[in-house]
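The file upload-v4.txt contains compact mmCIF, C-alpha atoms:
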# COMPACT_ATOMS: atom_id res chain seq x y z
CA MET A 1 -14.53 -2.89 27.18
CA SER A 2 -14.36 -4.96 24.00
CA ILE A 3 -13.97 -3.34 20.56
CA LYS A 4 -17.55 -4.31 19.58
CA VAL A 5 -19.05 -2.81 22.72
CA ALA A 6 -16.94 0.36 22.38
CA VAL A 7 -18.03 0.87 18.78
CA ALA A 8 -21.69 0.31 19.71
CA VAL A 9 -21.44 2.88 22.48
CA CYS A 10 -19.85 5.46 20.16
CA LEU A 11 -22.47 4.95 17.44
CA ALA A 12 -25.38 5.04 19.90
CA SER A 13 -24.13 8.32 21.37
CA ALA A 14 -23.70 9.88 17.91
CA LEU A 15 -27.15 8.85 16.67
CA ALA A 16 -28.81 10.19 19.83
CA SER A 17 -27.42 13.68 19.20
CA PRO A 18 -29.93 16.15 17.61
CA SER A 19 -27.17 17.83 15.59
CA PHE A 20 -25.63 14.63 14.30
CA ALA A 21 -26.31 15.46 10.64
CA GLN A 22 -24.44 18.77 10.90
CA VAL A 23 -21.30 17.35 12.50
CA PRO A 24 -18.36 16.58 10.17
CA ALA A 25 -17.42 12.89 9.96
CA SER A 26 -14.02 13.56 11.56
CA ALA A 27 -15.47 15.36 14.58
CA GLN A 28 -17.23 14.12 17.71
CA ALA A 29 -21.01 14.19 17.97
CA ALA A 30 -22.22 17.44 19.53
CA PRO A 31 -22.95 17.08 23.28
CA THR A 32 -26.61 17.00 24.29
CA ALA A 33 -28.16 18.84 27.21
CA GLU A 34 -27.72 15.76 29.38
CA THR A 35 -24.06 15.34 28.33
CA PRO A 36 -21.98 18.44 29.14
CA PRO A 37 -19.00 19.06 26.79
CA ALA A 38 -15.77 17.51 27.96
CA ALA A 39 -12.74 19.64 28.71
CA PRO A 40 -10.27 19.90 25.77
CA VAL A 41 -7.59 18.05 27.73
CA GLU A 42 -9.87 15.08 28.41
CA LYS A 43 -10.51 14.56 24.67
CA GLN A 44 -6.90 13.48 24.22
CA ALA A 45 -6.84 11.02 27.12
CA PRO A 46 -7.52 7.87 25.01
CA VAL A 47 -4.49 8.65 22.78
CA ALA A 48 -1.92 7.30 25.22
CA ALA A 49 -2.49 3.60 24.51
CA ALA A 50 -2.48 4.06 20.74
CA GLN A 51 0.74 6.09 20.76
CA THR A 52 2.68 3.15 22.16
CA LEU A 53 2.50 1.52 18.71
CA ALA A 54 5.35 1.97 16.26
CA VAL A 55 3.16 3.89 13.80
CA PRO A 56 1.64 7.41 13.90
CA PRO A 57 -1.41 8.04 16.12
CA ALA A 58 -4.66 6.77 14.64
CA PRO A 59 -7.50 9.08 13.63
CA PHE A 60 -9.86 10.25 16.36
CA PHE A 61 -12.37 7.43 15.95
CA ALA A 62 -9.68 4.74 16.19
CA GLN A 63 -8.36 6.32 19.39
CA GLN A 64 -11.79 6.56 20.99
CA VAL A 65 -12.70 2.91 20.49
CA SER A 66 -9.21 1.70 21.54
CA LEU A 67 -8.43 -0.40 18.48
CA SER A 68 -6.10 -3.32 19.08
CA PRO A 69 -3.03 -3.80 16.84
CA SER A 70 -4.92 -6.32 14.70
CA GLN A 71 -7.38 -3.58 13.71
CA TRP A 72 -4.72 -0.99 12.88
CA PRO A 73 -4.12 -1.63 9.14
CA TYR A 74 -6.87 0.84 8.29
CA PHE A 75 -5.51 3.48 10.67
CA ALA A 76 -1.76 2.82 10.51
CA GLY A 77 -1.07 6.12 8.80
CA GLU A 78 -0.58 6.53 5.06
CA ALA A 79 2.76 8.33 5.40
CA ALA A 80 4.21 5.57 7.61
CA MET A 81 3.03 2.89 5.19
CA GLN A 82 4.53 4.70 2.18
CA GLU A 83 7.88 5.16 3.93
CA THR A 84 7.92 1.46 4.84
CA ALA A 85 7.10 0.52 1.24
CA VAL A 86 10.05 2.59 -0.02
CA ARG A 87 12.39 0.82 2.42
CA ALA A 88 10.99 -2.59 1.42
CA LEU A 89 11.43 -1.90 -2.30
CA ARG A 90 14.96 -0.60 -1.78
CA TRP A 91 15.75 -3.85 0.07
CA ALA A 92 14.25 -5.88 -2.80
CA PHE A 93 16.16 -3.86 -5.41
CA TYR A 94 19.47 -4.77 -3.74
CA ALA A 95 18.58 -8.47 -3.54
CA PRO A 96 20.64 -10.82 -5.77
CA ASN A 97 19.96 -9.87 -9.41
CA GLY A 98 17.36 -7.39 -8.22
CA TYR A 99 18.07 -5.21 -11.25
CA ARG A 100 16.92 -7.94 -13.68
CA TRP A 101 14.41 -10.07 -11.72
CA GLU A 102 11.08 -9.03 -10.26
CA TYR A 103 10.81 -9.38 -6.48
CA SER A 104 7.65 -9.23 -4.38
CA GLY A 105 6.71 -8.94 -0.72
CA ILE A 106 4.12 -7.66 1.71
CA LEU A 107 3.75 -4.98 4.36
CA PHE A 108 2.21 -6.17 7.61
CA ILE A 109 1.51 -5.29 11.22
CA HIS A 110 2.76 -7.74 13.85
CA GLU A 111 2.21 -7.02 17.54
CA GLY A 112 1.77 -3.33 16.80
CA GLN A 113 4.90 -3.08 14.62
CA LEU A 114 4.69 -2.05 10.96
CA GLY A 115 7.11 -4.16 8.91
CA TYR A 116 7.86 -5.79 5.56
CA SER A 117 8.97 -9.14 4.17
CA PRO A 118 12.55 -9.87 5.28
CA SER A 119 13.03 -12.16 2.26
CA PRO A 120 11.18 -10.93 -0.85
CA ARG A 121 10.31 -13.67 -3.33
CA THR A 122 11.30 -14.02 -6.99
CA LEU A 123 10.66 -16.37 -9.91
CA GLN A 124 13.93 -15.21 -11.48
CA LYS A 125 12.02 -13.54 -14.33
CA VAL A 126 12.11 -9.99 -15.64
CA ASP A 127 8.36 -9.79 -16.27
CA ALA A 128 6.64 -11.97 -13.67
CA VAL A 129 6.60 -12.61 -9.94
CA GLU A 130 4.44 -14.60 -7.55
CA MET A 131 2.15 -12.68 -5.20
CA ASP A 132 1.21 -15.36 -2.68
CA VAL A 133 0.46 -13.56 0.58
CA GLU A 134 0.04 -16.71 2.67
CA ARG A 135 3.57 -17.86 1.89
CA GLN A 136 4.98 -14.57 3.15
CA ARG A 137 2.68 -13.91 6.09
CA ALA A 138 3.80 -15.29 9.46
CA PRO A 139 1.35 -16.26 12.24
CA GLY A 140 -0.01 -13.08 13.80
CA ASP A 141 0.72 -10.88 10.77
CA THR A 142 -2.05 -8.59 9.51
CA LEU A 143 -1.71 -7.71 5.83
CA VAL A 144 -1.39 -3.97 5.12
CA ALA A 145 -0.10 -3.71 1.53
CA LEU A 146 1.61 -5.49 -1.38
CA TYR A 147 4.77 -4.49 -3.22
CA HIS A 148 6.98 -5.67 -6.07
CA THR A 149 9.71 -4.41 -8.38
CA HIS A 150 9.65 -3.66 -12.11
CA PRO A 151 13.11 -4.05 -13.67
CA CYS A 152 14.06 -1.48 -16.27
CA LYS A 153 13.51 -2.79 -19.79
CA SER A 154 12.19 0.31 -21.47
CA GLU A 155 11.75 -1.00 -25.02
CA THR A 156 9.74 -4.06 -24.02
CA TYR A 157 7.84 -3.27 -20.82
CA PHE A 158 6.32 -0.31 -18.98
CA PRO A 159 7.97 -0.32 -15.53
CA GLN A 160 6.26 2.93 -14.49
CA TYR A 161 2.75 1.47 -14.83
CA PHE A 162 0.67 -1.12 -12.99
CA SER A 163 -0.24 -4.16 -15.06
CA PRO A 164 -3.74 -5.72 -15.02
CA GLN A 165 -2.32 -8.55 -12.89
CA ASP A 166 -0.99 -6.00 -10.37
CA LEU A 167 -4.46 -4.49 -10.01
CA VAL A 168 -6.12 -7.90 -9.68
CA SER A 169 -3.97 -8.64 -6.61
CA ALA A 170 -4.74 -5.25 -5.05
CA PHE A 171 -8.49 -5.62 -5.54
CA PHE A 172 -8.46 -9.25 -4.39
CA TYR A 173 -6.74 -8.49 -1.08
CA ARG A 174 -8.32 -5.00 -0.81
CA VAL A 175 -5.05 -3.33 0.19
CA PRO A 176 -2.77 -0.78 -1.50
CA THR A 177 -0.08 -2.07 -3.83
CA PHE A 178 3.30 -0.47 -4.53
CA ILE A 179 5.68 -0.88 -7.47
CA LEU A 180 9.26 0.22 -7.99
CA ASP A 181 10.11 1.65 -11.42
CA GLU A 182 13.77 0.67 -11.61
CA CYS A 183 14.35 2.98 -14.57
CA THR A 184 13.85 5.99 -12.31
CA GLY A 185 13.89 4.67 -8.74
CA LYS A 186 10.39 6.07 -8.18
CA VAL A 187 7.86 4.22 -6.02
CA HIS A 188 4.22 4.25 -7.20
CA GLU A 189 1.14 3.45 -5.13
CA PHE A 190 -2.31 2.30 -6.21
CA ASP A 191 -4.99 2.03 -3.52
CA PRO A 192 -8.08 0.15 -4.77
CA ILE A 193 -10.22 1.92 -2.17
CA HIS A 194 -9.34 5.49 -3.18
CA ASP A 195 -7.67 5.40 -6.64
CA ARG A 196 -9.25 4.91 -10.06
CA ALA A 197 -7.36 3.18 -12.87
CA ALA A 198 -8.73 5.64 -15.43
CA ASP A 199 -7.34 8.70 -13.62
CA THR A 200 -3.64 8.13 -14.38
CA GLY A 201 -1.31 6.34 -16.75
CA THR A 202 -1.72 5.68 -20.44
CA VAL A 203 -3.50 3.51 -23.01
CA VAL A 204 -1.33 1.10 -24.99
CA LYS A 205 -1.90 -1.25 -27.88
CA VAL A 206 -1.22 -4.85 -26.88
CA LEU A 207 -0.69 -7.72 -29.32
CA ARG A 208 -2.31 -11.06 -28.54
CA LYS A 209 -0.71 -14.40 -29.27
CA ASP A 210 -3.08 -14.96 -32.17
CA GLY A 211 -1.82 -11.79 -33.87
CA SER A 212 -4.80 -9.61 -33.01
CA SER A 213 -4.51 -6.51 -30.84
CA HIS A 214 -6.51 -4.56 -28.27
CA TRP A 215 -6.17 -1.33 -26.31
CA LEU A 216 -5.33 -1.53 -22.63
CA ARG A 217 -5.29 1.09 -19.85
CA LEU A 218 -2.17 0.96 -17.63
CA PRO A 219 -2.50 3.21 -14.56
CA ALA A 220 0.51 4.93 -13.03
CA GLY A 221 -0.99 5.46 -9.60
CA ARG A 222 0.68 8.08 -7.38
CA ILE A 223 4.43 8.59 -6.92
CA VAL A 224 5.00 8.41 -3.16
CA GLY A 225 8.77 8.03 -2.82
CA ASP A 226 12.17 7.29 -4.31
CA ILE A 227 14.72 4.62 -3.33
CA GLY A 228 17.62 6.90 -4.31
CA ASP A 229 18.97 4.57 -6.98
CA ASN A 230 18.00 3.04 -10.31
CA GLY A 231 18.87 0.01 -12.38
CA PRO A 232 20.46 -0.32 -15.83
CA ASP A 233 18.24 -0.43 -18.90
CA LEU A 234 18.20 -4.12 -19.83
CA SER A 235 17.11 -3.24 -23.37
CA LEU A 236 20.40 -1.42 -23.97
CA ILE A 237 22.37 -4.27 -22.42
CA GLU A 238 20.71 -6.76 -24.78
CA LYS A 239 21.53 -4.55 -27.78
CA ILE A 240 25.18 -4.33 -26.77
CA MET A 241 25.41 -8.09 -26.19
CA ASN A 242 23.72 -8.90 -29.52
CA ARG A 243 26.06 -6.50 -31.33
CA GLU A 244 29.10 -8.21 -29.80
CA MET A 245 27.79 -11.70 -30.55
CA TYR A 246 26.79 -11.04 -34.16

Is it possible to give me this structure as structure tokens?
Amino acid sequence: MSIKVAVAVCLASALASPSFAQVPASAQAAPTAETPPAAPVEKQAPVAAAQTLAVPPAPFFAQQVSLSPSQWPYFAGEAAMQETAVRALRWAFYAPNGYRWEYSGILFIHEGQLGYSPSPRTLQKVDAVEMDVERQRAPGDTLVALYHTHPCKSETYFPQYFSPQDLVSAFFYRVPTFILDECTGKVHEFDPIHDRAADTGTVVKVLRKDGSSHWLRLPAGRIVGDIGDNGPDLSLIEKIMNREMY
């Protein structure tokens, strides 16, 4: 049965139930008089195919309609995605000059496997990185999330917060985005579907090139992991180097 037909069957059965409005969204529609309740063991039968994937079992609805791997980004499991993001950011942190250049990559599902960019990209800059999904996505990859690093330069930048450009990418691709704060080693997540920029972070005063200023909200998102290491503060290194030079 195709995914479209399976979904149509599930929805038709739910709408036909007289107690549909009282049933929680996560539960099955209550059985009607013509449809006797299934045995508890039989409810778990559709799980077998989904559990063969390299990610946690999908929610009940995803199991019942037998989603293919290409439909799994929305049901891959938040914990599995966060753990993969931490591994990806640790890998990017240990890339050449990862402590002083921003690196970016993507999380994806390929043939049922949850993975991340084997070669994160960099512009060799401390405050900018390219987020071009199509250059990092291989044929057959389904985009799940974005990630990039924020080198530690505490007196100039805010590595613990998402920039407006970071949020633009997340909202454009409609997937979660992760950042690594290299000052602390903490991994932050912002999900444009569930998180609000105004709920976390701080408001800072930003100077424009013309000398004027404006206030800007920088969200912190949610801390979801730690890479177990952190980078040097580049602001202190610059001070030491300037002191030696002059």

- Message: Set the distance at 7 Å and use only C-alpha atoms: which residues neighbour segment 105-113 of chain A once local chain neighbours fewer than 2 positions away are removed? I'd like the list as a PyMOL selection string.
- Response: chain A and resi 53-54+69+115-117+120-121+140-148

Would you write out those residues with C-alpha atoms, as a PDB file, in the coordinates of the input?
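part_6.pdb, written as the output of this step:
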ATOM      1  CA  LEU A  53       2.500   1.520  18.710  1.00  0.00           C
ATOM      2  CA  ALA A  54       5.350   1.970  16.260  1.00  0.00           C
ATOM      3  CA  PRO A  69      -3.030  -3.800  16.840  1.00  0.00           C
ATOM      4  CA  GLY A 115       7.110  -4.160   8.910  1.00  0.00           C
ATOM      5  CA  TYR A 116       7.860  -5.790   5.560  1.00  0.00           C
ATOM      6  CA  SER A 117       8.970  -9.140   4.170  1.00  0.00           C
ATOM      7  CA  PRO A 120      11.180 -10.930  -0.850  1.00  0.00           C
ATOM      8  CA  ARG A 121      10.310 -13.670  -3.330  1.00  0.00           C
ATOM      9  CA  GLY A 140      -0.010 -13.080  13.800  1.00  0.00           C
ATOM     10  CA  ASP A 141       0.720 -10.880  10.770  1.00  0.00           C
ATOM     11  CA  THR A 142      -2.050  -8.590   9.510  1.00  0.00           C
ATOM     12  CA  LEU A 143      -1.710  -7.710   5.830  1.00  0.00           C
ATOM     13  CA  VAL A 144      -1.390  -3.970   5.120  1.00  0.00           C
ATOM     14  CA  ALA A 145      -0.100  -3.710   1.530  1.00  0.00           C
ATOM     15  CA  LEU A 146       1.610  -5.490  -1.380  1.00  0.00           C
ATOM     16  CA  TYR A 147       4.770  -4.490  -3.220  1.00  0.00           C
ATOM     17  CA  HIS A 148       6.980  -5.670  -6.070  1.00  0.00           C
TER      18      HIS A 148
END

- Message: Report, in Å with one decimal, the straight-line distance from atom CA of Glu189 of chain A to atom CA of Pro176 of chain A.
- Response: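 Here the two named atoms are 6.8 Å from each other.
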
- Residues at most 12 Å from Val86 of chain A, counting only C-alpha atoms, excluding those fewer than 4 positions away in the same chain, as a PyMOL selection string? chain A and resi 79-82+90-93+106-107+115-116+146-149+177-181+185-189+223-229

- So which one's closest to Ala128 of chain A, A:Thr184, A:Thr84, A:Gln165, A:Asn230? Using all atoms listed in the file, please.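 Among the listed residues, A:Gln165 lies closest to Ala128 of chain A.
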
- Item | atom CA of Val203 of chain A to atom CA of Trp215 of chain A, distance in Å rounded to a single decimal |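 Taking atom CA of Val203 of chain A and atom CA of Trp215 of chain A, their separation equals 6.4 Å.
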
- How many Å lie between atom CA of Ala138 of chain A and atom CA of Ala88 of chain A, rounded to one decimal?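 Straight-line distance from atom CA of Ala138 of chain A to atom CA of Ala88 of chain A works out to 16.7 Å.
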
- Query: Between A:Pro139, A:Pro118, A:Ser104, A:Lys153, which has the minimum distance to Leu236 of chain A (counting all atoms listed in the file)?
  - Reply: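 Of the candidates, the smallest distance to Leu236 of chain A is held by A:Lys153.
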
Any chance you could model N, CA and C atoms for segment 128-142 of chain A and send them as an mmCIF file, keeping the file's coordinate frame?
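Saved file out19.cif follows:
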data_model
loop_
_atom_site.group_PDB
_atom_site.id
_atom_site.type_symbol
_atom_site.label_atom_id
_atom_site.label_comp_id
_atom_site.auth_asym_id
_atom_site.auth_seq_id
_atom_site.Cartn_x
_atom_site.Cartn_y
_atom_site.Cartn_z
ATOM 1 N N ALA A 128 7.649 -11.244 -14.454
ATOM 2 C CA ALA A 128 6.640 -11.970 -13.670
ATOM 3 C C ALA A 128 7.174 -12.258 -12.279
ATOM 4 N N VAL A 129 6.247 -12.267 -11.307
ATOM 5 C CA VAL A 129 6.600 -12.610 -9.940
ATOM 6 C C VAL A 129 5.359 -13.128 -9.238
ATOM 7 N N GLU A 130 5.553 -14.024 -8.294
ATOM 8 C CA GLU A 130 4.440 -14.600 -7.550
ATOM 9 C C GLU A 130 3.998 -13.662 -6.434
ATOM 10 N N MET A 131 2.682 -13.487 -6.292
ATOM 11 C CA MET A 131 2.150 -12.680 -5.200
ATOM 12 C C MET A 131 1.259 -13.572 -4.340
ATOM 13 N N ASP A 132 1.909 -14.435 -3.561
ATOM 14 C CA ASP A 132 1.210 -15.360 -2.680
ATOM 15 C C ASP A 132 1.382 -14.877 -1.244
ATOM 16 N N VAL A 133 0.364 -14.182 -0.748
ATOM 17 C CA VAL A 133 0.460 -13.560 0.580
ATOM 18 C C VAL A 133 0.669 -14.592 1.672
ATOM 19 N N GLU A 134 -0.027 -15.728 1.594
ATOM 20 C CA GLU A 134 0.040 -16.710 2.670
ATOM 21 C C GLU A 134 1.430 -17.306 2.833
ATOM 22 N N ARG A 135 2.207 -17.331 1.783
ATOM 23 C CA ARG A 135 3.570 -17.860 1.890
ATOM 24 C C ARG A 135 4.520 -16.858 2.547
ATOM 25 N N GLN A 136 4.114 -15.603 2.585
ATOM 26 C CA GLN A 136 4.980 -14.570 3.150
ATOM 27 C C GLN A 136 4.492 -14.066 4.504
ATOM 28 N N ARG A 137 3.250 -14.393 4.836
ATOM 29 C CA ARG A 137 2.680 -13.910 6.090
ATOM 30 C C ARG A 137 2.931 -14.912 7.203
ATOM 31 N N ALA A 138 3.534 -14.445 8.296
ATOM 32 C CA ALA A 138 3.800 -15.290 9.460
ATOM 33 C C ALA A 138 2.583 -15.287 10.377
ATOM 34 N N PRO A 139 2.471 -16.260 11.281
ATOM 35 C CA PRO A 139 1.350 -16.260 12.240
ATOM 36 C C PRO A 139 1.307 -14.947 13.023
ATOM 37 N N GLY A 140 0.140 -14.347 13.081
ATOM 38 C CA GLY A 140 -0.010 -13.080 13.800
ATOM 39 C C GLY A 140 0.146 -11.853 12.930
ATOM 40 N N ASP A 141 0.582 -12.019 11.678
ATOM 41 C CA ASP A 141 0.720 -10.880 10.770
ATOM 42 C C ASP A 141 -0.641 -10.453 10.229
ATOM 43 N N THR A 142 -0.860 -9.149 10.149
ATOM 44 C CA THR A 142 -2.050 -8.590 9.510
ATOM 45 C C THR A 142 -1.612 -7.865 8.251
#
